[in-house]
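**Q** Got a structure for you, structure_28.tsv, holding TSV, C-alpha atoms.
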chain	number	residue	atom	x	y	z
A	1	MET	CA	14.91	-4.86	-34.79
A	2	ARG	CA	15.03	-2.63	-31.70
A	3	THR	CA	17.28	-3.85	-28.90
A	4	TYR	CA	17.04	-3.15	-25.16
A	5	ASP	CA	18.62	-4.65	-22.03
A	6	VAL	CA	15.21	-4.98	-20.40
A	7	ILE	CA	11.72	-5.07	-21.90
A	8	ILE	CA	8.60	-4.89	-19.75
A	9	ILE	CA	5.33	-6.01	-21.32
A	10	GLY	CA	2.41	-4.18	-19.72
A	11	GLY	CA	2.17	-0.50	-18.82
A	12	GLY	CA	0.21	-0.88	-15.62
A	13	ALA	CA	1.10	-0.48	-11.94
A	14	ALA	CA	3.57	-3.40	-11.80
A	15	GLY	CA	5.16	-2.59	-15.16
A	16	PHE	CA	5.87	1.07	-14.39
A	17	PHE	CA	7.02	0.32	-10.83
A	18	ALA	CA	9.46	-2.33	-12.05
A	19	ALA	CA	10.86	-0.13	-14.84
A	20	ILE	CA	11.53	2.80	-12.48
A	21	ASN	CA	13.19	0.61	-9.83
A	22	ILE	CA	15.38	-1.21	-12.37
A	23	ALA	CA	16.55	2.15	-13.77
A	24	GLU	CA	17.34	3.46	-10.27
A	25	GLN	CA	19.32	0.38	-9.30
A	26	ASN	CA	21.25	0.19	-12.58
A	27	PRO	CA	21.18	3.47	-14.59
A	28	SER	CA	23.31	1.91	-17.37
A	29	LEU	CA	20.50	-0.40	-18.55
A	30	SER	CA	18.28	0.49	-21.52
A	31	ILE	CA	14.63	-0.16	-20.58
A	32	CYS	CA	11.42	-0.18	-22.57
A	33	ILE	CA	7.76	-0.61	-21.59
A	34	LEU	CA	5.46	-2.07	-24.27
A	35	GLU	CA	1.79	-1.19	-23.70
A	36	LYS	CA	-0.98	-2.42	-25.99
A	37	ASN	CA	-3.34	0.52	-25.33
A	38	LYS	CA	-3.00	4.18	-26.33
A	39	GLU	CA	-2.21	5.04	-22.72
A	40	GLY	CA	-1.03	3.12	-19.65
A	41	LEU	CA	-1.93	2.92	-15.96
A	42	GLN	CA	-5.65	2.44	-16.71
A	43	LYS	CA	-6.37	0.47	-13.53
A	44	VAL	CA	-4.47	2.99	-11.42
A	45	LYS	CA	-6.67	5.71	-12.90
A	46	ILE	CA	-10.02	4.13	-11.95
A	47	SER	CA	-8.99	2.42	-8.68
A	48	GLY	CA	-10.78	3.57	-5.54
A	49	GLY	CA	-13.29	5.56	-7.56
A	50	GLY	CA	-10.54	7.61	-9.20
A	51	ARG	CA	-8.69	8.22	-5.91
A	52	CYS	CA	-6.28	5.23	-6.24
A	53	ASN	CA	-6.24	2.90	-3.24
A	54	VAL	CA	-2.42	2.61	-3.19
A	55	THR	CA	-2.05	0.09	-0.35
A	56	HIS	CA	-3.47	-0.91	3.05
A	57	ALA	CA	-2.24	0.06	6.53
A	58	GLU	CA	-1.19	-3.45	7.54
A	59	PHE	CA	2.45	-3.54	8.63
A	60	ILE	CA	3.07	-7.14	9.70
A	61	PRO	CA	3.88	-9.55	6.82
A	62	GLN	CA	2.18	-12.53	8.54
A	63	GLU	CA	-1.05	-10.53	8.83
A	64	LEU	CA	-0.81	-8.86	5.44
A	65	VAL	CA	-0.64	-12.22	3.61
A	66	GLN	CA	-3.98	-13.28	5.13
A	67	ASN	CA	-5.72	-10.95	2.67
A	68	TYR	CA	-4.61	-13.08	-0.31
A	69	PRO	CA	-6.82	-16.11	-1.04
A	70	ARG	CA	-4.24	-17.13	-3.65
A	71	GLY	CA	-0.61	-16.18	-2.92
A	72	GLU	CA	-0.68	-16.17	0.89
A	73	LYS	CA	2.21	-18.61	1.29
A	74	GLU	CA	4.26	-17.30	-1.64
A	75	LEU	CA	4.10	-13.61	-0.68
A	76	LEU	CA	5.36	-13.99	2.89
A	77	GLY	CA	9.05	-13.89	1.87
A	78	PRO	CA	8.65	-11.05	-0.65
A	79	PHE	CA	6.73	-8.96	1.93
A	80	HIS	CA	9.78	-9.18	4.20
A	81	GLN	CA	11.73	-7.53	1.35
A	82	PHE	CA	9.21	-4.83	0.39
A	83	MET	CA	5.82	-4.11	1.92
A	84	THR	CA	3.46	-1.38	3.09
A	85	GLY	CA	5.98	0.79	4.96
A	86	ASP	CA	8.37	0.62	1.98
A	87	THR	CA	5.54	1.61	-0.38
A	88	ILE	CA	4.71	4.66	1.75
A	89	GLU	CA	8.39	5.67	1.89
A	90	TRP	CA	8.86	5.12	-1.86
A	91	PHE	CA	6.03	7.50	-2.76
A	92	GLU	CA	6.88	10.08	-0.08
A	93	LYS	CA	10.48	10.29	-1.35
A	94	ARG	CA	8.99	11.29	-4.69
A	95	GLY	CA	6.68	13.94	-3.25
A	96	VAL	CA	3.49	11.86	-2.94
A	97	ALA	CA	2.13	11.82	0.61
A	98	LEU	CA	-0.33	9.06	1.52
A	99	LYS	CA	-3.06	9.05	4.18
A	100	ILE	CA	-4.83	6.26	6.08
A	101	GLU	CA	-8.64	6.12	6.14
A	102	ASP	CA	-10.68	4.63	9.01
A	103	ASP	CA	-10.98	1.25	7.28
A	104	GLY	CA	-7.20	1.01	6.73
A	105	ARG	CA	-7.20	1.86	3.02
A	106	MET	CA	-4.45	4.26	1.95
A	107	PHE	CA	-4.84	7.00	-0.67
A	108	PRO	CA	-2.76	9.92	-1.89
A	109	VAL	CA	-3.50	13.01	0.25
A	110	SER	CA	-4.64	14.67	-3.02
A	111	ASP	CA	-7.48	12.10	-3.31
A	112	SER	CA	-6.62	11.81	-7.01
A	113	SER	CA	-5.14	8.86	-8.90
A	114	GLN	CA	-3.61	11.43	-11.28
A	115	THR	CA	-1.05	12.19	-8.53
A	116	ILE	CA	0.23	8.60	-8.75
A	117	ILE	CA	0.16	8.62	-12.57
A	118	ASP	CA	2.08	11.94	-12.72
A	119	CYS	CA	4.66	10.57	-10.28
A	120	PHE	CA	5.26	7.50	-12.49
A	121	ILE	CA	5.41	9.51	-15.74
A	122	ASN	CA	7.93	11.97	-14.20
A	123	GLU	CA	10.14	9.13	-12.95
A	124	VAL	CA	10.05	7.37	-16.31
A	125	LYS	CA	11.12	10.58	-18.09
A	126	LYS	CA	13.83	11.24	-15.51
A	127	HIS	CA	15.36	7.80	-16.09
A	128	ASN	CA	14.99	7.87	-19.90
A	129	ILE	CA	12.76	4.80	-19.97
A	130	ASP	CA	11.03	4.34	-23.33
A	131	ILE	CA	7.24	3.84	-23.17
A	132	LEU	CA	5.86	2.58	-26.47
A	133	TYR	CA	2.06	2.62	-26.70
A	134	SER	CA	-0.22	0.73	-29.13
A	135	GLN	CA	2.29	-2.16	-29.10
A	136	ASN	CA	0.26	-5.34	-29.15
A	137	VAL	CA	2.61	-8.26	-28.44
A	138	THR	CA	1.83	-11.27	-30.64
A	139	LYS	CA	4.78	-13.60	-29.98
A	140	ILE	CA	7.66	-14.15	-27.53
A	141	SER	CA	10.60	-16.28	-28.67
A	142	PRO	CA	13.29	-17.21	-26.12
A	143	GLN	CA	16.76	-17.44	-27.75
A	144	GLU	CA	19.25	-19.86	-26.21
A	145	GLN	CA	22.60	-18.48	-27.43
A	146	PRO	CA	23.12	-15.95	-25.99
A	147	THR	CA	20.16	-16.04	-23.58
A	148	SER	CA	17.74	-13.40	-24.86
A	149	PHE	CA	14.19	-12.87	-26.11
A	150	GLU	CA	12.68	-11.76	-29.39
A	151	VAL	CA	9.36	-9.99	-28.90
A	152	ASN	CA	7.04	-9.50	-31.87
A	153	THR	CA	4.33	-6.86	-31.83
A	154	LYS	CA	1.86	-6.18	-34.65
A	155	SER	CA	4.16	-3.46	-35.98
A	156	ASP	CA	7.72	-4.10	-34.68
A	157	LEU	CA	10.34	-6.63	-33.61
A	158	PHE	CA	12.25	-6.19	-30.34
A	159	GLN	CA	15.10	-7.98	-28.62
A	160	CYS	CA	16.16	-7.96	-24.96
A	161	GLU	CA	18.28	-9.87	-22.45
A	162	LYS	CA	15.70	-9.80	-19.66
A	163	LEU	CA	11.92	-9.77	-19.96
A	164	LEU	CA	9.25	-8.94	-17.38
A	165	ILE	CA	5.60	-9.78	-18.05
A	166	ALA	CA	3.18	-7.54	-16.13
A	167	THR	CA	0.06	-7.82	-18.27
A	168	GLY	CA	-2.49	-8.29	-15.45
A	169	SER	CA	-5.50	-10.55	-15.93
A	170	SER	CA	-5.31	-10.93	-19.70
A	171	VAL	CA	-6.68	-14.21	-21.07
A	172	LYS	CA	-5.05	-13.51	-24.45
A	173	PHE	CA	-1.64	-13.01	-22.85
A	174	TRP	CA	-1.99	-16.07	-20.63
A	175	LYS	CA	-2.28	-18.08	-23.87
A	176	LEU	CA	1.06	-16.62	-25.06
A	177	ILE	CA	2.67	-17.53	-21.72
A	178	ALA	CA	1.25	-21.07	-21.98
A	179	GLN	CA	2.94	-21.38	-25.40
A	180	LEU	CA	6.27	-20.72	-23.63
A	181	GLY	CA	5.68	-23.82	-21.49
A	182	HIS	CA	4.07	-22.32	-18.38
A	183	THR	CA	0.91	-23.74	-16.79
A	184	ILE	CA	-1.97	-21.29	-16.49
A	185	VAL	CA	-4.51	-21.78	-13.68
A	186	LYS	CA	-7.90	-21.23	-15.32
A	187	PRO	CA	-9.22	-17.77	-14.42
A	188	VAL	CA	-12.48	-17.27	-12.53
A	189	PRO	CA	-13.96	-14.00	-11.19
A	190	SER	CA	-12.78	-13.12	-7.69
A	191	LEU	CA	-14.29	-9.87	-6.35
A	192	PHE	CA	-18.03	-9.79	-6.94
A	193	THR	CA	-21.33	-9.07	-5.19
A	194	PHE	CA	-24.24	-11.50	-4.70
A	195	ASN	CA	-27.50	-11.29	-6.68
A	196	ILE	CA	-30.40	-12.00	-4.31
A	197	ASP	CA	-34.10	-11.58	-5.08
A	198	ASP	CA	-35.76	-11.66	-1.66
A	199	ARG	CA	-38.76	-9.80	-0.25
A	200	ARG	CA	-36.89	-9.02	2.99
A	201	ILE	CA	-34.33	-6.81	1.22
A	202	LYS	CA	-36.19	-5.76	-1.92
A	203	ASP	CA	-37.26	-2.33	-0.67
A	204	ILE	CA	-34.30	-1.37	1.52
A	205	PRO	CA	-31.27	-0.76	-0.79
A	206	GLY	CA	-28.60	1.35	0.88
A	207	VAL	CA	-29.13	-0.14	4.33
A	208	VAL	CA	-25.92	-1.23	6.08
A	209	ALA	CA	-25.71	-3.80	8.88
A	210	GLN	CA	-22.41	-2.98	10.58
A	211	ASP	CA	-21.21	-6.36	11.83
A	212	VAL	CA	-22.71	-9.62	10.60
A	213	GLU	CA	-21.56	-13.20	10.03
A	214	VAL	CA	-22.28	-14.83	6.68
A	215	LYS	CA	-21.84	-18.55	5.95
A	216	ILE	CA	-22.11	-20.19	2.53
A	217	LEU	CA	-24.06	-23.37	3.22
A	218	GLU	CA	-22.55	-26.73	2.18
A	219	THR	CA	-19.05	-25.18	2.27
A	220	ASP	CA	-16.70	-24.11	5.08
A	221	LEU	CA	-16.70	-20.51	3.79
A	222	VAL	CA	-17.56	-17.95	6.46
A	223	SER	CA	-16.92	-14.23	6.79
A	224	GLU	CA	-17.61	-11.35	9.19
A	225	GLY	CA	-17.94	-7.61	8.64
A	226	PRO	CA	-20.25	-4.89	7.30
A	227	LEU	CA	-23.06	-5.89	4.93
A	228	LEU	CA	-24.61	-3.53	2.37
A	229	ILE	CA	-28.04	-4.21	0.87
A	230	THR	CA	-28.14	-3.14	-2.79
A	231	HIS	CA	-30.71	-2.94	-5.60
A	232	TRP	CA	-29.53	-6.34	-6.88
A	233	GLY	CA	-28.71	-8.11	-3.61
A	234	MET	CA	-25.81	-7.81	-1.16
A	235	SER	CA	-22.31	-6.28	-1.17
A	236	ALA	CA	-19.67	-4.69	1.13
A	237	PRO	CA	-16.59	-6.33	2.76
A	238	VAL	CA	-18.35	-9.37	4.28
A	239	ILE	CA	-19.60	-10.43	0.82
A	240	LEU	CA	-16.49	-9.42	-1.15
A	241	LYS	CA	-14.29	-11.43	1.20
A	242	LEU	CA	-16.46	-14.52	0.61
A	243	SER	CA	-16.32	-13.95	-3.16
A	244	ALA	CA	-12.51	-13.77	-3.07
A	245	PHE	CA	-11.83	-16.72	-0.77
A	246	GLY	CA	-14.61	-18.75	-2.41
A	247	ALA	CA	-13.79	-17.77	-6.02
A	248	VAL	CA	-13.04	-21.30	-7.25
A	249	THR	CA	-15.74	-23.03	-5.15
A	250	LEU	CA	-18.48	-20.56	-6.15
A	251	ALA	CA	-17.58	-20.82	-9.84
A	252	LYS	CA	-18.06	-24.61	-9.58
A	253	MET	CA	-21.48	-23.95	-8.01
A	254	ASP	CA	-22.31	-21.70	-11.00
A	255	TYR	CA	-22.99	-18.87	-8.49
A	256	LYS	CA	-26.16	-20.56	-7.22
A	257	PHE	CA	-26.06	-21.32	-3.50
A	258	ASN	CA	-27.62	-20.47	-0.12
A	259	ILE	CA	-26.14	-18.21	2.53
A	260	GLU	CA	-26.98	-18.06	6.23
A	261	ILE	CA	-26.72	-14.64	7.88
A	262	ASN	CA	-26.35	-13.98	11.58
A	263	PHE	CA	-27.26	-10.29	11.74
A	264	ILE	CA	-26.37	-9.91	15.43
A	265	LYS	CA	-23.52	-12.45	15.89
A	266	GLN	CA	-25.29	-14.21	18.77
A	267	ASP	CA	-26.34	-17.83	18.92
A	268	PHE	CA	-30.02	-18.81	18.75
A	269	ASP	CA	-30.48	-19.50	22.48
A	270	ALA	CA	-28.79	-16.29	23.67
A	271	CYS	CA	-30.88	-14.24	21.25
A	272	LEU	CA	-34.14	-15.95	22.27
A	273	HIS	CA	-33.37	-15.35	25.94
A	274	GLN	CA	-32.71	-11.67	25.23
A	275	LEU	CA	-35.93	-11.28	23.24
A	276	LYS	CA	-37.92	-12.76	26.14
A	277	THR	CA	-36.36	-10.17	28.46
A	278	ILE	CA	-37.18	-7.37	25.99
A	279	LYS	CA	-40.77	-8.71	25.80
A	280	GLN	CA	-41.10	-8.12	29.55
A	281	GLU	CA	-39.43	-4.71	29.52
A	282	LEU	CA	-41.11	-3.18	26.45
A	283	GLY	CA	-44.51	-4.91	26.76
A	284	LYS	CA	-46.66	-1.99	25.57
A	285	LYS	CA	-44.43	-0.93	22.67
A	286	LEU	CA	-44.88	-2.12	19.08
A	287	VAL	CA	-42.27	-4.68	18.01
A	288	PHE	CA	-42.21	-3.20	14.49
A	289	LYS	CA	-41.30	0.26	15.77
A	290	SER	CA	-38.66	-0.67	18.36
A	291	PRO	CA	-35.52	-2.03	16.63
A	292	GLN	CA	-33.06	-3.96	18.84
A	293	PHE	CA	-29.39	-5.09	18.65
A	294	ASP	CA	-28.34	-1.79	16.97
A	295	LEU	CA	-29.90	-2.99	13.70
A	296	PRO	CA	-30.95	-0.39	11.11
A	297	LYS	CA	-34.66	0.36	11.54
A	298	ARG	CA	-35.69	-0.64	7.99
A	299	LEU	CA	-33.85	-3.97	8.20
A	300	TRP	CA	-35.37	-4.72	11.62
A	301	GLN	CA	-38.85	-4.03	10.26
A	302	GLN	CA	-38.37	-6.42	7.31
A	303	LEU	CA	-37.13	-9.17	9.65
A	304	VAL	CA	-40.13	-8.59	11.94
A	305	LEU	CA	-42.55	-8.94	8.98
A	306	ALA	CA	-40.71	-12.07	7.81
A	307	SER	CA	-41.27	-13.51	11.29
A	308	LYS	CA	-45.07	-13.31	10.71
A	309	ILE	CA	-45.45	-10.48	13.22
A	310	ASN	CA	-47.95	-7.77	12.26
A	311	PRO	CA	-46.85	-4.11	12.38
A	312	ASP	CA	-49.42	-3.42	15.14
A	313	THR	CA	-48.31	-6.29	17.44
A	314	ARG	CA	-47.04	-5.26	20.87
A	315	TRP	CA	-44.06	-6.97	22.53
A	316	ALA	CA	-46.31	-8.33	25.29
A	317	ASP	CA	-48.52	-10.09	22.72
A	318	LEU	CA	-45.74	-12.09	21.03
A	319	ASN	CA	-46.33	-15.83	21.24
A	320	LYS	CA	-43.65	-18.54	21.49
A	321	GLU	CA	-43.67	-19.25	17.74
A	322	GLN	CA	-43.26	-15.56	16.81
A	323	LEU	CA	-40.35	-15.15	19.24
A	324	GLU	CA	-38.64	-18.19	17.73
A	325	ASN	CA	-39.32	-16.96	14.18
A	326	LEU	CA	-37.75	-13.58	15.01
A	327	THR	CA	-34.76	-15.29	16.61
A	328	THR	CA	-34.28	-17.38	13.45
A	329	GLN	CA	-34.45	-14.27	11.23
A	330	LEU	CA	-31.89	-12.50	13.42
A	331	THR	CA	-29.40	-15.35	13.81
A	332	GLN	CA	-30.00	-17.88	11.01
A	333	ALA	CA	-31.63	-16.05	8.10
A	334	ILE	CA	-31.30	-18.04	4.87
A	335	PHE	CA	-31.02	-16.19	1.54
A	336	LYS	CA	-30.80	-17.73	-1.91
A	337	VAL	CA	-28.02	-16.36	-4.13
A	338	ASP	CA	-28.61	-16.58	-7.87
A	339	GLY	CA	-25.70	-15.12	-9.80
A	340	LYS	CA	-23.12	-12.38	-9.25
A	341	SER	CA	-22.40	-8.79	-10.27
A	342	THR	CA	-18.99	-7.21	-10.91
A	343	PHE	CA	-17.76	-5.05	-8.05
A	344	LYS	CA	-17.35	-1.52	-9.50
A	345	GLU	CA	-14.82	-1.25	-12.34
A	346	GLU	CA	-12.18	-3.08	-10.34
A	347	PHE	CA	-12.61	-6.49	-11.94
A	348	VAL	CA	-10.26	-8.99	-10.31
A	349	THR	CA	-9.74	-12.60	-11.31
A	350	ALA	CA	-8.36	-15.65	-9.58
A	351	GLY	CA	-6.11	-17.52	-12.00
A	352	GLY	CA	-2.92	-16.95	-13.95
A	353	VAL	CA	0.63	-18.29	-14.04
A	354	ASN	CA	0.96	-21.32	-11.74
A	355	LEU	CA	2.83	-20.19	-8.60
A	356	LYS	CA	4.83	-23.44	-8.41
A	357	GLU	CA	6.63	-22.35	-11.61
A	358	VAL	CA	7.96	-19.07	-10.16
A	359	ASN	CA	10.90	-18.43	-7.81
A	360	PHE	CA	9.52	-15.98	-5.25
A	361	LYS	CA	12.97	-14.88	-4.10
A	362	THR	CA	13.28	-13.09	-7.48
A	363	PHE	CA	9.89	-13.53	-9.27
A	364	GLU	CA	11.84	-15.27	-12.07
A	365	SER	CA	10.33	-18.11	-14.07
A	366	LYS	CA	11.57	-21.57	-13.06
A	367	CYS	CA	10.97	-22.71	-16.66
A	368	ILE	CA	12.76	-19.98	-18.62
A	369	PRO	CA	15.85	-18.09	-17.38
A	370	ASN	CA	15.66	-14.25	-17.39
A	371	LEU	CA	11.86	-14.26	-17.70
A	372	TYR	CA	10.09	-12.53	-14.79
A	373	PHE	CA	6.48	-11.90	-13.71
A	374	ALA	CA	4.81	-9.28	-11.50
A	375	GLY	CA	1.23	-8.38	-10.55
A	376	GLU	CA	-2.01	-10.12	-11.42
A	377	VAL	CA	-0.55	-12.06	-14.37
A	378	LEU	CA	0.36	-14.53	-11.60
A	379	ASN	CA	-2.28	-16.64	-9.85
A	380	ILE	CA	-2.35	-14.13	-6.97
A	381	ASP	CA	-5.35	-12.03	-5.97
A	382	ALA	CA	-6.58	-10.26	-2.88
A	383	VAL	CA	-9.62	-8.96	-1.10
A	384	THR	CA	-10.56	-5.34	-1.77
A	385	GLY	CA	-8.73	-2.50	0.03
A	386	GLY	CA	-5.40	-1.83	-1.73
A	387	PHE	CA	-3.97	-5.33	-1.38
A	388	ASN	CA	-3.82	-6.09	-5.11
A	389	PHE	CA	-1.70	-2.96	-5.63
A	390	GLN	CA	0.61	-3.97	-2.77
A	391	ASN	CA	1.16	-7.30	-4.54
A	392	ALA	CA	2.05	-5.35	-7.71
A	393	TRP	CA	4.53	-3.04	-5.92
A	394	THR	CA	6.18	-5.91	-4.03
A	395	GLY	CA	6.51	-8.26	-7.01
A	396	ALA	CA	7.80	-5.46	-9.26
A	397	PHE	CA	10.34	-4.32	-6.66
A	398	VAL	CA	11.69	-7.81	-5.92
A	399	ALA	CA	11.91	-8.58	-9.68
A	400	SER	CA	13.64	-5.22	-10.30
A	401	LYS	CA	16.39	-6.09	-7.81
A	402	ALA	CA	17.12	-9.33	-9.64
A	403	MET	CA	16.79	-7.84	-13.13
A	404	SER	CA	19.08	-4.86	-12.45
A	405	LYS	CA	22.07	-7.08	-11.63
Since I need it in another form, could you write the structure as structure tokens?
**A**
Amino acid sequence: MRTYDVIIIGGGAAGFFAAINIAEQNPSLSICILEKNKEGLQKVKISGGGRCNVTHAEFIPQELVQNYPRGEKELLGPFHQFMTGDTIEWFEKRGVALKIEDDGRMFPVSDSSQTIIDCFINEVKKHNIDILYSQNVTKISPQEQPTSFEVNTKSDLFQCEKLLIATGSSVKFWKLIAQLGHTIVKPVPSLFTFNIDDRRIKDIPGVVAQDVEVKILETDLVSEGPLLITHWGMSAPVILKLSAFGAVTLAKMDYKFNIEINFIKQDFDACLHQLKTIKQELGKKLVFKSPQFDLPKRLWQQLVLASKINPDTRWADLNKEQLENLTTQLTQAIFKVDGKSTFKEEFVTAGGVNLKEVNFKTFESKCIPNLYFAGEVLNIDAVTGGFNFQNAWTGAFVASKAMSK
């Protein structure tokens, strides 16, 4: 049996961050990371297309929490202990400068996730933290006297006083945690794009409408932001936000539902009034060839065709019905969603350890003393843009403070 003061299961972002911070706060502790794969930090490596979206430039806890469909209430306190500014400072102290992009996402100045990985590996070596790869944990046994844990892997037996689980969205590991007496909220996909087969968007993949409003009909889910038309349907922040906040609802609907899109964020009457004015002003011009409301030309043309307006119709020749059809397409266009697609490699799930069973002052289990959690193993998830990593850094840091005592 191999004995450590602290064992961390999971060699990802939260696991490494916790190990390094525990070692810094209490150098006398022996610490080990158990990782089931041949190498760790896999999600860090592929995040942000290999650039690693470390965090998001949002510096007010009350506003930062609004990006977490699950975990908003629970993370408010922890974010007062460690949030975006602390993350930036932590990395800069270790020689990793971060930069802010126009959309608020933050990346290493190097634009390479390897910079983050190298930083973690160097810190782990510096603090003599053991990383043991290919260690597939099969059983966790809490011992009452003295309080400790036995951890079985396929090849070894370990013992520790304090245990942190940072295994991410692992269904297999959630089963192990359930065997310890914790409740697991059933996982469902969280960040995904919408599959839509519709003539209006079929031939215009790559087109972006900069600021639209999308409602999911028969729910109260609504979102605003950029919309990207893809080969399979629709994506970009406005859709991803809906997929995150609607994760549980949309799973119940089996990903078959209708959305209503307001492409210009105006109401029907205001739009109709404006189109009538344009009809007077641009009488001789072809409707098809004169896009309005800053809409991309190809999208405008598809909406014109869908309004039963021929490509050779002039503005002056539009009748009442055509004007109303065009207004409907611009402000109340209905699209049928049939299924979902994973968003890039960054698969995120809603679900995990029930948040009521965790003390968020320390991230310690309320069921089992000296057992801690950090990262996506908990029922916490976020919209895209670096927020899931910020949850990992914050949870790992707060847990490390408690575990190093």
**Q** Of the residues A:Asn128, A:Thr219, A:Thr327, A:Gln143, which is the one nearest to His273 (chain A), using only C-alpha atoms?
**A** A:Thr327
**Q** Find the residue from A:Ile334, A:Met106, A:Leu163, A:Ala57 that sits nearest to Thr147 (chain A); use all atoms listed in the file when measuring.
**A**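 Smallest separation from Thr147 (chain A) among the options: A:Leu163.
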**Q** Write out as a list of chain:residue names the residues lying within 8 Å of Gln322 (chain A), counting only C-alpha atoms and excluding same-chain residues fewer than 2 positions away.
**A** A:Ser307, A:Lys308, A:Ile309, A:Leu318, A:Asn319, A:Lys320, A:Glu324, A:Asn325, A:Leu326
**Q** Output C-alpha atoms of each residue in that selection to a file, as an mmCIF file, keeping the file's coordinate frame.
**A**
data_model
loop_
_atom_site.group_PDB
_atom_site.id
_atom_site.type_symbol
_atom_site.label_atom_id
_atom_site.label_comp_id
_atom_site.auth_asym_id
_atom_site.auth_seq_id
_atom_site.Cartn_x
_atom_site.Cartn_y
_atom_site.Cartn_z
ATOM 1 C CA SER A 307 -41.270 -13.510 11.290
ATOM 2 C CA LYS A 308 -45.070 -13.310 10.710
ATOM 3 C CA ILE A 309 -45.450 -10.480 13.220
ATOM 4 C CA LEU A 318 -45.740 -12.090 21.030
ATOM 5 C CA ASN A 319 -46.330 -15.830 21.240
ATOM 6 C CA LYS A 320 -43.650 -18.540 21.490
ATOM 7 C CA GLU A 324 -38.640 -18.190 17.730
ATOM 8 C CA ASN A 325 -39.320 -16.960 14.180
ATOM 9 C CA LEU A 326 -37.750 -13.580 15.010
#
**Q** For a quick check of understanding, using only C-alpha atoms, which of A:Pro146, A:Gly206, A:Pro78, A:Gly71 has the smallest distance to Leu299 (chain A)?
**A**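 For Leu299 (chain A), the nearest of the candidates is A:Gly206.
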**Q** Of the candidates A:Ser341, A:Thr3, A:Ser290, A:Asn21, which one gets nearest to Ala396 (chain A) if we count only C-alpha atoms?
**A**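 Distance minimum relative to Ala396 (chain A) lands on A:Asn21.
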**Q** Between CA of Ile8 (chain A) and CA of Ala166 (chain A), measure the distance and give it in Å to one decimal.
**A**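 The value is 7.0 Å.
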**Q** Figure out the distance between CA of Phe173 (chain A) and CA of Gly15 (chain A), please, to one decimal in Å.
**A** 14.6 Å
**Q** Quick one: of A:Trp315, A:Phe268, A:Phe149, A:Phe360, who's nearest to Pro291 (chain A), counting all atoms listed in the file?
**A** A:Trp315
**Q** I need the residue nearest Ala13 (chain A) from this list: A:Leu286, A:Ile177, A:Val353, A:Leu41. Use only C-alpha atoms for the distance.
**A**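 Checking each of A:Leu286, A:Ile177, A:Val353, A:Leu41 against Ala13 (chain A), counting only C-alpha atoms, the winner is A:Leu41.
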**Q** Grab the CA of Leu64 (chain A) to CA of Val185 (chain A) distance for me, in Å with one decimal place.
**A**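 Result for CA of Leu64 (chain A) versus CA of Val185 (chain A): 23.4 Å, one decimal.
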**Q** Show me as a list of chain:residue names the residues that reach within 7 Å of (-14.1, -20.1, 3.3), counting all atoms listed in the file and using the file's own coordinates.
**A** A:Asp220, A:Leu221, A:Val222, A:Leu242, A:Phe245, A:Gly246
**Q** Mind dumping the selected residues with C-alpha atoms as a PDB file, in the frame of the given file?
**A**
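Contents of the output file out20.pdb:
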ATOM      1  CA  ASP A 220     -16.700 -24.110   5.080  1.00  0.00           C
ATOM      2  CA  LEU A 221     -16.700 -20.510   3.790  1.00  0.00           C
ATOM      3  CA  VAL A 222     -17.560 -17.950   6.460  1.00  0.00           C
ATOM      4  CA  LEU A 242     -16.460 -14.520   0.610  1.00  0.00           C
ATOM      5  CA  PHE A 245     -11.830 -16.720  -0.770  1.00  0.00           C
ATOM      6  CA  GLY A 246     -14.610 -18.750  -2.410  1.00  0.00           C
TER       7      GLY A 246
END
**Q** Within 7 Å of Ile31 (chain A), counting all atoms listed in the file, which residues show up once you throw out same-chain ones fewer than 5 positions away? Write them as a ChimeraX atom specification, please.
**A** /A:4-7,19,129-130
**Q** Taking (2.5, 16.3, -1.6) in the coordinates of the supplied file, I want to know which residues reach to within 8 Å of it, counting only C-alpha atoms; could you give the answer as a PyMOL selection string?
**A** chain A and resi 92+95-97+109-110
**Q** Name the residues in contact with Val348 (chain A) at a cut-off of 8 Å, using only C-alpha atoms, excluding same-chain residues fewer than 6 positions from it; report them as number ranges by chain.
**A** A: 169, 189-191, 381
**Q** So that I can see what lies close to Ser112 (chain A), please list as a count of residues only the residues with an atom at most 7 Å from it, counting only C-alpha atoms and leaving out residues fewer than 5 positions away in the same chain.
**A** 3
**Q** At a cut-off of 12 Å, using only C-alpha atoms, what residues contact Lys93 (chain A)? Leave out same-chain residues fewer than 5 positions from it and give the result as a short mmCIF file (atom, residue, chain, number, x, y, z; two decimals) with C-alpha atoms, in the frame of the given file.
**A**
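And here's result14.cif as it stands now:
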data_model
loop_
_atom_site.label_atom_id
_atom_site.label_comp_id
_atom_site.auth_asym_id
_atom_site.auth_seq_id
_atom_site.Cartn_x
_atom_site.Cartn_y
_atom_site.Cartn_z
CA ASP A 86 8.37 0.62 1.98
CA THR A 87 5.54 1.61 -0.38
CA ILE A 88 4.71 4.66 1.75
CA LEU A 98 -0.33 9.06 1.52
CA CYS A 119 4.66 10.57 -10.28
CA GLU A 123 10.14 9.13 -12.95
#
